[in-house]
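Peer 1: Please find data07.txt (compact mmCIF, C-alpha atoms and all ligand atoms) on the next line:
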# COMPACT_ATOMS: atom_id res chain seq x y z
CA MET A 1 -8.26 -5.36 -29.12
CA SER A 2 -11.83 -6.54 -29.44
CA GLN A 3 -14.39 -5.02 -27.12
CA LYS A 4 -15.63 -6.92 -24.11
CA ILE A 5 -19.36 -7.37 -23.74
CA LEU A 6 -21.04 -5.67 -20.80
CA LEU A 7 -24.64 -6.24 -19.79
CA SER A 8 -26.57 -4.92 -16.84
CA GLY A 9 -30.09 -4.02 -15.85
CA VAL A 10 -32.31 -2.45 -13.24
CA LYS A 11 -35.90 -3.31 -12.35
CA PRO A 12 -38.46 -0.55 -12.96
CA THR A 13 -39.96 -0.78 -9.48
CA GLY A 14 -39.70 2.80 -8.18
CA SER A 15 -37.62 5.96 -8.10
CA ALA A 16 -33.91 5.34 -8.57
CA HIS A 17 -31.82 6.27 -5.54
CA ILE A 18 -28.20 7.13 -5.00
CA GLY A 19 -27.49 3.51 -4.01
CA ASN A 20 -28.55 2.41 -7.50
CA TYR A 21 -26.44 5.16 -8.98
CA PHE A 22 -23.16 4.58 -7.15
CA GLY A 23 -23.63 0.82 -6.90
CA ALA A 24 -24.49 0.18 -10.54
CA MET A 25 -25.44 3.01 -12.90
CA LYS A 26 -22.25 5.03 -12.50
CA GLN A 27 -20.15 1.99 -13.47
CA MET A 28 -22.32 1.52 -16.57
CA VAL A 29 -21.67 5.12 -17.65
CA ASP A 30 -17.96 5.08 -16.80
CA LEU A 31 -17.38 1.82 -18.67
CA GLN A 32 -19.45 3.00 -21.63
CA ASN A 33 -17.18 6.03 -21.84
CA THR A 34 -13.95 4.03 -21.89
CA GLY A 35 -14.89 2.72 -25.33
CA ASN A 36 -13.57 -0.72 -24.31
CA TYR A 37 -16.98 -2.31 -23.92
CA SER A 38 -19.89 -3.12 -26.11
CA CYS A 39 -22.67 -2.30 -23.65
CA LEU A 40 -26.22 -3.60 -23.38
CA ILE A 41 -28.31 -1.94 -20.69
CA MET A 42 -31.68 -3.40 -19.93
CA ILE A 43 -34.91 -2.37 -18.27
CA ALA A 44 -35.79 -5.58 -16.41
CA ASP A 45 -39.56 -5.23 -16.69
CA TYR A 46 -40.35 -8.96 -16.51
CA HIS A 47 -38.39 -9.13 -13.26
CA ALA A 48 -40.36 -6.11 -12.03
CA LEU A 49 -43.63 -7.89 -12.82
CA ASN A 50 -43.08 -9.85 -9.61
CA PHE A 51 -43.66 -6.58 -7.74
CA ILE A 52 -45.62 -4.28 -10.07
CA GLN A 53 -48.91 -5.81 -11.11
CA ASN A 54 -50.72 -2.78 -12.45
CA LYS A 55 -50.65 -1.79 -16.12
CA ASP A 56 -50.45 2.00 -15.70
CA GLU A 57 -47.82 1.78 -13.02
CA MET A 58 -45.71 -0.61 -15.09
CA LYS A 59 -45.81 1.75 -18.07
CA LYS A 60 -44.96 4.75 -15.92
CA LEU A 61 -42.08 3.10 -14.08
CA THR A 62 -40.61 1.70 -17.29
CA PHE A 63 -40.64 5.11 -18.95
CA GLU A 64 -39.12 6.65 -15.84
CA LEU A 65 -36.26 4.18 -15.74
CA ALA A 66 -35.54 4.92 -19.41
CA LEU A 67 -35.37 8.61 -18.47
CA ASP A 68 -33.07 7.80 -15.55
CA TYR A 69 -30.69 5.86 -17.77
CA LEU A 70 -30.47 8.70 -20.27
CA ALA A 71 -30.20 11.39 -17.60
CA VAL A 72 -27.25 9.72 -15.84
CA GLY A 73 -25.39 9.75 -19.13
CA LEU A 74 -26.02 6.44 -20.86
CA ASP A 75 -25.77 7.28 -24.53
CA PRO A 76 -27.94 5.39 -27.05
CA LYS A 77 -25.53 6.42 -29.80
CA LYS A 78 -22.79 4.39 -28.15
CA ILE A 79 -24.69 1.54 -26.51
CA VAL A 80 -27.87 -0.52 -26.69
CA ILE A 81 -30.65 0.37 -24.24
CA PHE A 82 -33.60 -2.01 -24.33
CA LYS A 83 -36.56 -3.45 -22.53
CA GLN A 84 -36.34 -7.10 -21.48
CA SER A 85 -39.94 -7.94 -22.47
CA ASP A 86 -39.27 -6.81 -26.06
CA ILE A 87 -36.97 -9.78 -26.56
CA SER A 88 -38.90 -13.02 -26.16
CA ALA A 89 -35.66 -15.03 -26.29
CA HIS A 90 -35.13 -14.11 -22.61
CA THR A 91 -38.21 -15.93 -21.33
CA GLU A 92 -37.77 -18.74 -23.83
CA LEU A 93 -34.22 -19.40 -22.69
CA ALA A 94 -35.32 -19.16 -19.06
CA TRP A 95 -37.71 -22.06 -19.70
CA ILE A 96 -34.97 -24.13 -21.27
CA PHE A 97 -32.79 -23.44 -18.21
CA ASP A 98 -35.68 -24.38 -15.91
CA THR A 99 -35.38 -27.92 -17.18
CA ILE A 100 -31.79 -28.28 -15.97
CA VAL A 101 -31.94 -26.23 -12.76
CA THR A 102 -33.05 -28.04 -9.61
CA VAL A 103 -35.49 -26.86 -6.97
CA PRO A 104 -33.08 -27.28 -3.99
CA TYR A 105 -30.49 -25.25 -5.85
CA LEU A 106 -32.90 -22.32 -6.30
CA GLU A 107 -34.06 -22.67 -2.69
CA ARG A 108 -30.57 -21.64 -1.61
CA ALA A 109 -30.89 -18.16 -3.19
CA HIS A 110 -30.70 -15.33 -0.63
CA ALA A 111 -33.47 -13.35 -2.32
CA PHE A 112 -35.78 -16.37 -2.24
CA LYS A 113 -35.03 -17.09 1.41
CA ASP A 114 -35.66 -13.44 2.35
CA ALA A 115 -38.93 -13.37 0.42
CA GLU A 116 -40.06 -16.65 1.93
CA VAL A 117 -39.53 -15.37 5.47
CA LYS A 118 -41.90 -12.50 4.68
CA ASP A 119 -44.52 -14.54 2.86
CA LYS A 120 -44.81 -18.31 2.47
CA GLU A 121 -47.13 -17.88 -0.52
CA ILE A 122 -44.23 -16.87 -2.71
CA ASN A 123 -44.89 -16.74 -6.46
CA VAL A 124 -43.05 -18.91 -8.98
CA GLY A 125 -41.64 -15.78 -10.67
CA THR A 126 -39.79 -14.81 -7.51
CA PHE A 127 -38.53 -18.35 -7.08
CA ASN A 128 -37.35 -18.41 -10.69
CA TYR A 129 -35.86 -14.93 -10.64
CA PRO A 130 -32.22 -16.09 -10.92
CA VAL A 131 -33.04 -18.29 -13.93
CA LEU A 132 -34.49 -15.40 -15.94
CA MET A 133 -31.54 -13.27 -14.92
CA ALA A 134 -29.13 -15.98 -16.10
CA ALA A 135 -30.92 -15.96 -19.46
CA ASP A 136 -30.61 -12.14 -19.63
CA ILE A 137 -26.89 -12.37 -19.15
CA LEU A 138 -25.99 -15.50 -21.10
CA LEU A 139 -27.91 -14.66 -24.28
CA TYR A 140 -25.39 -11.97 -25.14
CA ASN A 141 -22.06 -13.73 -24.49
CA THR A 142 -21.61 -11.27 -21.67
CA ASP A 143 -18.14 -10.83 -20.17
CA VAL A 144 -18.91 -8.44 -17.32
CA VAL A 145 -21.96 -7.46 -15.30
CA PRO A 146 -21.61 -4.24 -13.26
CA VAL A 147 -23.94 -4.44 -10.23
CA GLY A 148 -24.10 -3.80 -6.49
CA GLN A 149 -23.10 -6.45 -3.96
CA ASP A 150 -26.67 -7.74 -3.52
CA GLN A 151 -26.59 -9.14 -7.06
CA LYS A 152 -23.38 -11.14 -6.67
CA GLN A 153 -25.14 -14.42 -6.02
CA HIS A 154 -27.28 -13.96 -9.13
CA ILE A 155 -24.17 -13.75 -11.30
CA GLU A 156 -22.90 -16.92 -9.65
CA TYR A 157 -26.17 -18.61 -10.59
CA ALA A 158 -25.65 -17.47 -14.20
CA ARG A 159 -22.16 -18.96 -14.20
CA ASP A 160 -23.34 -22.25 -12.70
CA ILE A 161 -26.20 -22.51 -15.18
CA ALA A 162 -23.84 -21.77 -18.10
CA LEU A 163 -21.45 -24.48 -16.93
CA LYS A 164 -24.21 -27.03 -16.47
CA PHE A 165 -25.75 -26.29 -19.86
CA ASN A 166 -22.37 -26.44 -21.59
CA HIS A 167 -21.68 -29.73 -19.85
CA ILE A 168 -24.99 -31.34 -20.83
CA PHE A 169 -25.51 -29.92 -24.30
CA GLY A 170 -22.16 -28.48 -25.37
CA PRO A 171 -19.79 -30.08 -27.85
CA LYS A 172 -17.82 -32.92 -26.31
CA ASN A 173 -14.02 -32.93 -26.06
CA VAL A 174 -13.65 -29.22 -26.65
CA ALA A 175 -10.23 -27.79 -26.08
CA GLU A 176 -11.22 -24.27 -26.89
CA TYR A 177 -13.21 -22.16 -24.46
CA GLU A 178 -14.73 -20.34 -27.48
CA ASP A 179 -16.34 -23.53 -28.69
CA LEU A 180 -18.65 -23.68 -25.70
CA ILE A 181 -22.19 -22.43 -26.01
CA PHE A 182 -22.28 -20.05 -23.07
CA LYS A 183 -19.49 -17.82 -21.90
CA LEU A 184 -19.00 -17.44 -18.14
CA PRO A 185 -19.76 -13.88 -17.01
CA GLU A 186 -17.87 -12.02 -14.27
CA PRO A 187 -19.51 -9.64 -11.80
CA LEU A 188 -18.04 -6.17 -11.59
CA ILE A 189 -18.56 -4.89 -8.07
CA LEU A 190 -16.62 -1.89 -6.80
CA GLU A 191 -15.73 -2.44 -3.19
CA ASN A 192 -16.17 1.09 -1.87
CA VAL A 193 -19.70 1.40 -3.27
CA ALA A 194 -20.81 -2.25 -3.10
CA VAL A 195 -23.33 -1.38 -0.39
CA VAL A 196 -24.36 2.27 -0.24
CA PRO A 197 -25.91 3.03 3.17
CA GLY A 198 -29.30 4.71 3.57
CA VAL A 199 -30.30 7.49 5.97
CA ASP A 200 -30.65 4.96 8.80
CA GLY A 201 -27.24 3.38 8.19
CA ARG A 202 -28.68 0.14 6.78
CA LYS A 203 -28.31 -0.69 3.08
CA MET A 204 -30.12 1.95 1.02
CA SER A 205 -33.17 0.23 -0.38
CA LYS A 206 -36.59 1.12 -1.75
CA SER A 207 -38.09 -1.45 0.57
CA TYR A 208 -36.57 0.10 3.72
CA GLY A 209 -37.80 3.63 2.92
CA ASN A 210 -34.33 4.99 3.73
CA THR A 211 -33.35 6.35 0.33
CA ILE A 212 -32.08 9.60 -1.09
CA PRO A 213 -33.73 9.74 -4.53
CA LEU A 214 -31.28 10.16 -7.40
CA PHE A 215 -33.20 13.02 -9.00
CA ALA A 216 -34.33 14.62 -5.77
CA THR A 217 -35.17 18.31 -5.64
CA ARG A 218 -33.26 20.50 -3.21
CA GLU A 219 -36.17 20.21 -0.76
CA GLU A 220 -36.22 16.43 -1.01
CA ILE A 221 -32.47 16.25 -0.49
CA THR A 222 -32.75 18.49 2.58
CA LYS A 223 -35.56 16.38 4.01
CA ALA A 224 -33.63 13.13 3.47
CA VAL A 225 -30.35 14.48 4.84
CA MET A 226 -31.97 15.98 7.92
CA SER A 227 -33.48 12.56 8.64
CA ILE A 228 -30.07 10.85 8.71
CA VAL A 229 -29.75 9.16 12.06
CA THR A 230 -26.78 10.87 13.74
CA ASP A 231 -24.74 8.70 15.99
CA SER A 232 -22.70 10.59 18.55
CA GLY A 233 -19.41 9.97 16.77
CA LYS A 234 -17.20 7.31 18.35
CA PRO A 235 -13.59 8.14 19.25
CA GLU A 236 -12.33 5.41 16.88
CA ASP A 237 -14.12 7.20 14.03
CA GLY A 238 -12.43 10.48 14.96
CA GLY A 239 -15.73 11.73 16.41
CA LYS A 240 -17.36 11.73 12.98
CA PRO A 241 -21.09 10.98 12.71
CA MET A 242 -20.55 7.98 10.46
CA ASN A 243 -24.03 7.80 8.93
CA VAL A 244 -23.52 11.31 7.57
CA TYR A 245 -19.89 10.76 6.65
CA ASN A 246 -20.44 7.48 4.80
CA ILE A 247 -22.91 9.17 2.48
CA HIS A 248 -20.81 12.31 2.19
CA LYS A 249 -17.75 10.44 0.96
CA LEU A 250 -19.66 9.37 -2.15
CA PHE A 251 -19.78 13.00 -3.19
CA LYS A 252 -16.43 14.38 -2.02
CA SER A 253 -12.97 12.94 -1.58
CA GLU A 254 -12.06 11.85 1.94
CA GLU A 255 -9.13 14.26 1.79
CA LYS A 256 -11.43 17.23 1.34
CA LEU A 257 -13.85 15.91 3.93
CA ARG A 258 -11.15 15.58 6.60
CA GLU A 259 -10.83 19.33 6.99
CA LEU A 260 -14.59 19.89 6.99
CA TYR A 261 -15.23 17.22 9.62
CA ASP A 262 -12.28 18.36 11.76
CA MET A 263 -13.49 21.94 11.74
CA ASN A 264 -17.05 20.96 12.57
CA LYS A 265 -16.60 18.35 15.29
CA GLY A 266 -19.92 17.86 17.06
CA LYS A 267 -21.71 20.37 14.80
CA TYR A 268 -24.07 17.97 13.10
CA LYS A 269 -26.29 20.63 11.59
CA ALA A 270 -23.36 22.29 9.83
CA LEU A 271 -22.15 18.95 8.48
CA LYS A 272 -25.60 18.07 7.23
CA ASP A 273 -25.94 21.49 5.56
CA ALA A 274 -22.64 20.88 3.79
CA LEU A 275 -23.85 17.46 2.69
CA VAL A 276 -27.08 18.92 1.27
CA GLU A 277 -24.98 21.42 -0.68
CA ASP A 278 -22.69 18.72 -2.10
CA ILE A 279 -25.50 16.34 -3.05
CA ASP A 280 -27.47 19.12 -4.69
CA ALA A 281 -24.47 20.31 -6.73
CA PHE A 282 -23.91 16.74 -7.88
CA ILE A 283 -27.50 15.93 -8.75
CA LYS A 284 -28.47 19.24 -10.34
CA PRO A 285 -27.14 18.66 -13.88
CA MET A 286 -28.70 15.16 -14.03
CA ARG A 287 -31.98 16.48 -12.66
CA GLU A 288 -32.02 19.18 -15.33
CA ARG A 289 -31.22 16.72 -18.09
CA ARG A 290 -34.04 14.51 -16.94
CA ALA A 291 -36.47 17.44 -16.85
CA GLU A 292 -35.67 18.12 -20.52
CA LEU A 293 -36.04 14.47 -21.53
CA VAL A 294 -39.42 14.09 -19.85
CA LYS A 295 -40.80 16.49 -22.43
CA LYS A 296 -39.79 14.14 -25.24
CA PRO A 297 -41.52 10.81 -24.59
CA LYS A 298 -41.54 9.88 -28.30
CA LYS A 299 -37.80 10.26 -28.53
CA VAL A 300 -37.36 8.02 -25.48
CA MET A 301 -39.69 5.34 -26.87
CA LYS A 302 -37.80 5.41 -30.18
CA ILE A 303 -34.55 4.74 -28.34
CA LEU A 304 -36.09 1.63 -26.77
CA GLU A 305 -37.47 0.48 -30.12
CA LYS A 306 -34.07 0.79 -31.73
CA GLY A 307 -32.49 -0.97 -28.76
CA ALA A 308 -34.94 -3.85 -29.07
CA LYS A 309 -33.97 -4.36 -32.71
CA GLN A 310 -30.26 -4.36 -31.91
CA ALA A 311 -30.52 -6.64 -28.88
CA GLY A 312 -33.05 -8.90 -30.62
CA LYS A 313 -30.63 -9.68 -33.42
CA ILE A 314 -27.97 -10.93 -31.01
CA ALA A 315 -30.39 -12.79 -28.74
CA ASP A 316 -32.28 -14.53 -31.54
CA LYS A 317 -29.05 -15.78 -33.07
CA LYS A 318 -27.97 -17.23 -29.74
CA LEU A 319 -31.34 -18.86 -29.21
CA VAL A 320 -31.06 -20.67 -32.56
CA GLU A 321 -27.70 -22.03 -31.42
CA VAL A 322 -29.28 -23.18 -28.15
CA LYS A 323 -32.26 -24.79 -29.88
CA GLN A 324 -29.92 -26.69 -32.15
CA ALA A 325 -27.89 -27.81 -29.16
CA ILE A 326 -30.93 -29.23 -27.34
CA GLY A 327 -32.30 -30.83 -30.49
CA VAL A 328 -35.54 -28.96 -31.11
CA LEU A 329 -34.26 -27.34 -34.29
P1 LIG B 1 -32.68 -2.66 -7.94
O1 LIG B 1 -33.22 -1.32 -7.71
O2 LIG B 1 -32.81 -3.58 -6.78
O3 LIG B 1 -33.12 -3.24 -9.27
O4 LIG B 1 -31.10 -2.48 -8.07
C1 LIG B 1 -30.47 -1.95 -9.21
C2 LIG B 1 -28.98 -1.98 -9.06
O5 LIG B 1 -28.57 -1.11 -7.99
C3 LIG B 1 -28.39 -3.35 -8.71
O6 LIG B 1 -27.17 -3.52 -9.40
C4 LIG B 1 -28.15 -3.28 -7.24
O7 LIG B 1 -27.10 -4.13 -6.81
C5 LIG B 1 -27.76 -1.83 -7.07
N1 LIG B 1 -28.06 -1.35 -5.72
C6 LIG B 1 -29.29 -1.25 -5.14
N2 LIG B 1 -29.20 -0.77 -3.88
C7 LIG B 1 -27.87 -0.57 -3.64
C8 LIG B 1 -27.11 -0.09 -2.53
N3 LIG B 1 -27.70 0.32 -1.41
N4 LIG B 1 -25.76 -0.04 -2.66
C9 LIG B 1 -25.14 -0.43 -3.79
N5 LIG B 1 -25.80 -0.88 -4.88
C10 LIG B 1 -27.14 -0.95 -4.82
N1 LIG B 2 -31.79 -8.46 -10.56
C1 LIG B 2 -31.25 -7.17 -10.86
C2 LIG B 2 -31.58 -6.21 -9.71
O1 LIG B 2 -32.46 -6.44 -8.95
C3 LIG B 2 -31.82 -6.62 -12.15
C4 LIG B 2 -31.42 -7.45 -13.32
C5 LIG B 2 -32.24 -8.28 -14.07
C6 LIG B 2 -30.11 -7.59 -13.87
N2 LIG B 2 -31.53 -8.87 -15.05
C7 LIG B 2 -30.22 -8.51 -14.96
C8 LIG B 2 -28.87 -7.04 -13.54
C9 LIG B 2 -29.12 -8.87 -15.71
C10 LIG B 2 -27.76 -7.43 -14.29
C11 LIG B 2 -27.88 -8.32 -15.37
O2 LIG B 2 -30.94 -5.22 -9.60
Show me, as structure tokens, the structure contained in the file I just sent.
Peer 2:
Amino acid sequence: MSQKILLSGVKPTGSAHIGNYFGAMKQMVDLQNTGNYSCLIMIADYHALNFIQNKDEMKKLTFELALDYLAVGLDPKKIVIFKQSDISAHTELAWIFDTIVTVPYLERAHAFKDAEVKDKEINVGTFNYPVLMAADILLYNTDVVPVGQDQKQHIEYARDIALKFNHIFGPKNVAEYEDLIFKLPEPLILENVAVVPGVDGRKMSKSYGNTIPLFATREEITKAVMSIVTDSGKPEDGGKPMNVYNIHKLFKSEEKLRELYDMNKGKYKALKDALVEDIDAFIKPMRERRAELVKKPKKVMKILEKGAKQAGKIADKKLVEVKQAIGVL
């Protein structure tokens, strides 16, 4: 059976947290390890440019995300890890898509609407975000995109844009799906981790300041866990403090947790201590791997250079096909 193509990415905008891990990165590693997917994992630095407009910070955050990818177990011997800005086909294709995507259609994007509520002076890059993301995905004939729930609409945009492009520029009267220019990607969102909650019970997010960092030290884990807002445990939840429990179940099976939570009804400190223990045990090996990698920046940069060559070959070939289809080549 031929391998399916998997593509995903994360923006280098700050420290990765356990929401990023369980929502997206873990799926990337698990699927890589099945051997059933040809995986392309991207550092979405041009998307991050909407938020990070400082050269040193951009360099630092990009390097850190590369470290994160490697430390969670993405393996450059098995997959392609690359930086979006290294492949100019992404921005070039985004422009081509811009000419067929309408303004009202982009105005319906959740991310745009949220950003506009905060600041009317929204930049064009934020408005166009889904178009660049569609280019990221469609350039590689991607079959699946593992992401958290908040990215679902972006994958729908990619599908819509693929359909519209195929309709306008694709071969007419095609019977075969394979003859079309762009393949329609599917999101891969695991229900139980689609939205990982933060220490305040809302979605874990860098912008809410409610995260547990993925490579946190024991002290940082303790600080974050102790700040979890403890509800008094409603009878319908079996008296469990749900903000603690919902994070805990990411690290231990609900079967094992039942006993712990039954034995410690009302003892929030004991439950939080147990959670610190479980998170620390889980994070420790990744934290140690990352600490080793940070000493080898050249090795990390080489991985990205190699990734750029591999991804570039695929993307450039697709772009030629697209340019022929629109009549500029
Ligand atoms: P970002 O940090 O926004 O670039 O997100 C990177 C990936 O992590 C995306 O696939 C998001 O959907 C996912 N993600 C971010 N926060 C969460 C969360 N709280 N729960 C589940 N997935 C998340
Ligand atoms: N928008 C994604 C996020 O915020 C990051 C991203 C950019 C991405 N391009 C992508 C994810 C392509 C999947 C596929 O998390």
Peer 1: Would you mind listing the residues within 6 Å of ligand LIG 1 (chain B), counting all atoms listed in the file, as a PDB file with C-alpha atoms, in the frame of the given file?
Peer 2:
ATOM      1  CA  VAL A  10     -32.310  -2.450 -13.240  1.00  0.00           C
ATOM      2  CA  LYS A  11     -35.900  -3.310 -12.350  1.00  0.00           C
ATOM      3  CA  GLY A  19     -27.490   3.510  -4.010  1.00  0.00           C
ATOM      4  CA  ASN A  20     -28.550   2.410  -7.500  1.00  0.00           C
ATOM      5  CA  GLY A  23     -23.630   0.820  -6.900  1.00  0.00           C
ATOM      6  CA  ALA A  24     -24.490   0.180 -10.540  1.00  0.00           C
ATOM      7  CA  VAL A 147     -23.940  -4.440 -10.230  1.00  0.00           C
ATOM      8  CA  GLY A 148     -24.100  -3.800  -6.490  1.00  0.00           C
ATOM      9  CA  GLN A 149     -23.100  -6.450  -3.960  1.00  0.00           C
ATOM     10  CA  ASP A 150     -26.670  -7.740  -3.520  1.00  0.00           C
ATOM     11  CA  GLN A 151     -26.590  -9.140  -7.060  1.00  0.00           C
ATOM     12  CA  VAL A 193     -19.700   1.400  -3.270  1.00  0.00           C
ATOM     13  CA  ALA A 194     -20.810  -2.250  -3.100  1.00  0.00           C
ATOM     14  CA  VAL A 195     -23.330  -1.380  -0.390  1.00  0.00           C
ATOM     15  CA  VAL A 196     -24.360   2.270  -0.240  1.00  0.00           C
ATOM     16  CA  PRO A 197     -25.910   3.030   3.170  1.00  0.00           C
ATOM     17  CA  LYS A 203     -28.310  -0.690   3.080  1.00  0.00           C
ATOM     18  CA  MET A 204     -30.120   1.950   1.020  1.00  0.00           C
ATOM     19  CA  SER A 205     -33.170   0.230  -0.380  1.00  0.00           C
TER      20      SER A 205
END
Peer 1: List all protein, DNA and RNA residues that have an atom no more than 8 Å from any atom of ligand LIG 2 (chain B), counting only C-alpha atoms and all ligand atoms, and report them as an MDAnalysis selection string.
Peer 2: chainID A and resid 7:11 42:44 47 129:130 132:134 136:137 145:148 150:151 154:155
Peer 1: What's the 10 Å shell around range 163-165 of chain A, counting all atoms listed in the file, without same-chain residues fewer than 3 positions away, as a PDB file with C-alpha atoms, in the coordinates of the input?
Peer 2:
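Contents of the output file around_30.pdb:
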ATOM      1  CA  ILE A  96     -34.970 -24.130 -21.270  1.00  0.00           C
ATOM      2  CA  PHE A  97     -32.790 -23.440 -18.210  1.00  0.00           C
ATOM      3  CA  ILE A 100     -31.790 -28.280 -15.970  1.00  0.00           C
ATOM      4  CA  VAL A 101     -31.940 -26.230 -12.760  1.00  0.00           C
ATOM      5  CA  TYR A 157     -26.170 -18.610 -10.590  1.00  0.00           C
ATOM      6  CA  ALA A 158     -25.650 -17.470 -14.200  1.00  0.00           C
ATOM      7  CA  ARG A 159     -22.160 -18.960 -14.200  1.00  0.00           C
ATOM      8  CA  ASP A 160     -23.340 -22.250 -12.700  1.00  0.00           C
ATOM      9  CA  ILE A 168     -24.990 -31.340 -20.830  1.00  0.00           C
ATOM     10  CA  PHE A 169     -25.510 -29.920 -24.300  1.00  0.00           C
ATOM     11  CA  GLY A 170     -22.160 -28.480 -25.370  1.00  0.00           C
ATOM     12  CA  LEU A 180     -18.650 -23.680 -25.700  1.00  0.00           C
ATOM     13  CA  ILE A 181     -22.190 -22.430 -26.010  1.00  0.00           C
ATOM     14  CA  PHE A 182     -22.280 -20.050 -23.070  1.00  0.00           C
ATOM     15  CA  LYS A 183     -19.490 -17.820 -21.900  1.00  0.00           C
ATOM     16  CA  LEU A 184     -19.000 -17.440 -18.140  1.00  0.00           C
ATOM     17  CA  VAL A 322     -29.280 -23.180 -28.150  1.00  0.00           C
ATOM     18  CA  ALA A 325     -27.890 -27.810 -29.160  1.00  0.00           C
ATOM     19  CA  ILE A 326     -30.930 -29.230 -27.340  1.00  0.00           C
TER      20      ILE A 326
END
Peer 1: How far is it from CA of Asn210 in chain A to CA of Asn123 in chain A, in Å with one decimal?
Peer 2: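 Between CA of Asn210 in chain A and CA of Asn123 in chain A the gap is 26.2 Å.
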Peer 1: With distances taken over all atoms listed in the file, which residue among A:Ile221, A:Ser2, A:Phe51, A:Ile81 lies nearest Leu67 in chain A?
Peer 2: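 Distance minimum relative to Leu67 in chain A lands on A:Ile81.
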Peer 1: Neighbouring residues of range 317-321 of chain A were defined as those with any atom within 7 Å, considering only C-alpha atoms; residues of the same chain fewer than 4 positions away were excluded. Please report them as a short mmCIF file (atom, residue, chain, number, x, y, z; two decimals) with C-alpha atoms, keeping the file's coordinate frame.
Peer 2:
data_model
loop_
_atom_site.label_atom_id
_atom_site.label_comp_id
_atom_site.auth_asym_id
_atom_site.auth_seq_id
_atom_site.Cartn_x
_atom_site.Cartn_y
_atom_site.Cartn_z
CA ALA A 89 -35.66 -15.03 -26.29
CA LEU A 139 -27.91 -14.66 -24.28
CA LYS A 313 -30.63 -9.68 -33.42
CA ALA A 325 -27.89 -27.81 -29.16
#
Peer 1: Do you have, as a Markdown table, the list of residues of range 116-224 of chain A lying at most 10 Å from range 240-258 of chain A, each with its nearest atom pair and that distance in Å to one decimal, counting all atoms listed in the file and ordered by chain then number?
Peer 2:
| residue | atom | partner | partner_atom | distance |
| --- | --- | --- | --- | --- |
| A:Asn192 | CA | A:Leu250 | CA | 9.0 |
| A:Val193 | CA | A:Leu250 | CA | 8.0 |
| A:Val196 | CA | A:Ile247 | CA | 7.6 |
| A:Pro197 | CA | A:Ile247 | CA | 6.9 |
| A:Gly198 | CA | A:Ile247 | CA | 7.9 |
| A:Val199 | CA | A:Asn243 | CA | 6.9 |
| A:Asp200 | CA | A:Asn243 | CA | 7.2 |
| A:Gly201 | CA | A:Asn243 | CA | 5.5 |
| A:Arg202 | CA | A:Asn243 | CA | 9.2 |
| A:Ile212 | CA | A:Ile247 | CA | 9.8 |
Peer 1: Find the residue from A:Thr211, A:Tyr21, A:Lys234, A:Asp280 that sits nearest to Ala71 in chain A; use only C-alpha atoms when measuring.
Peer 2: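 Counting only C-alpha atoms, the residue closest to Ala71 in chain A is A:Tyr21.
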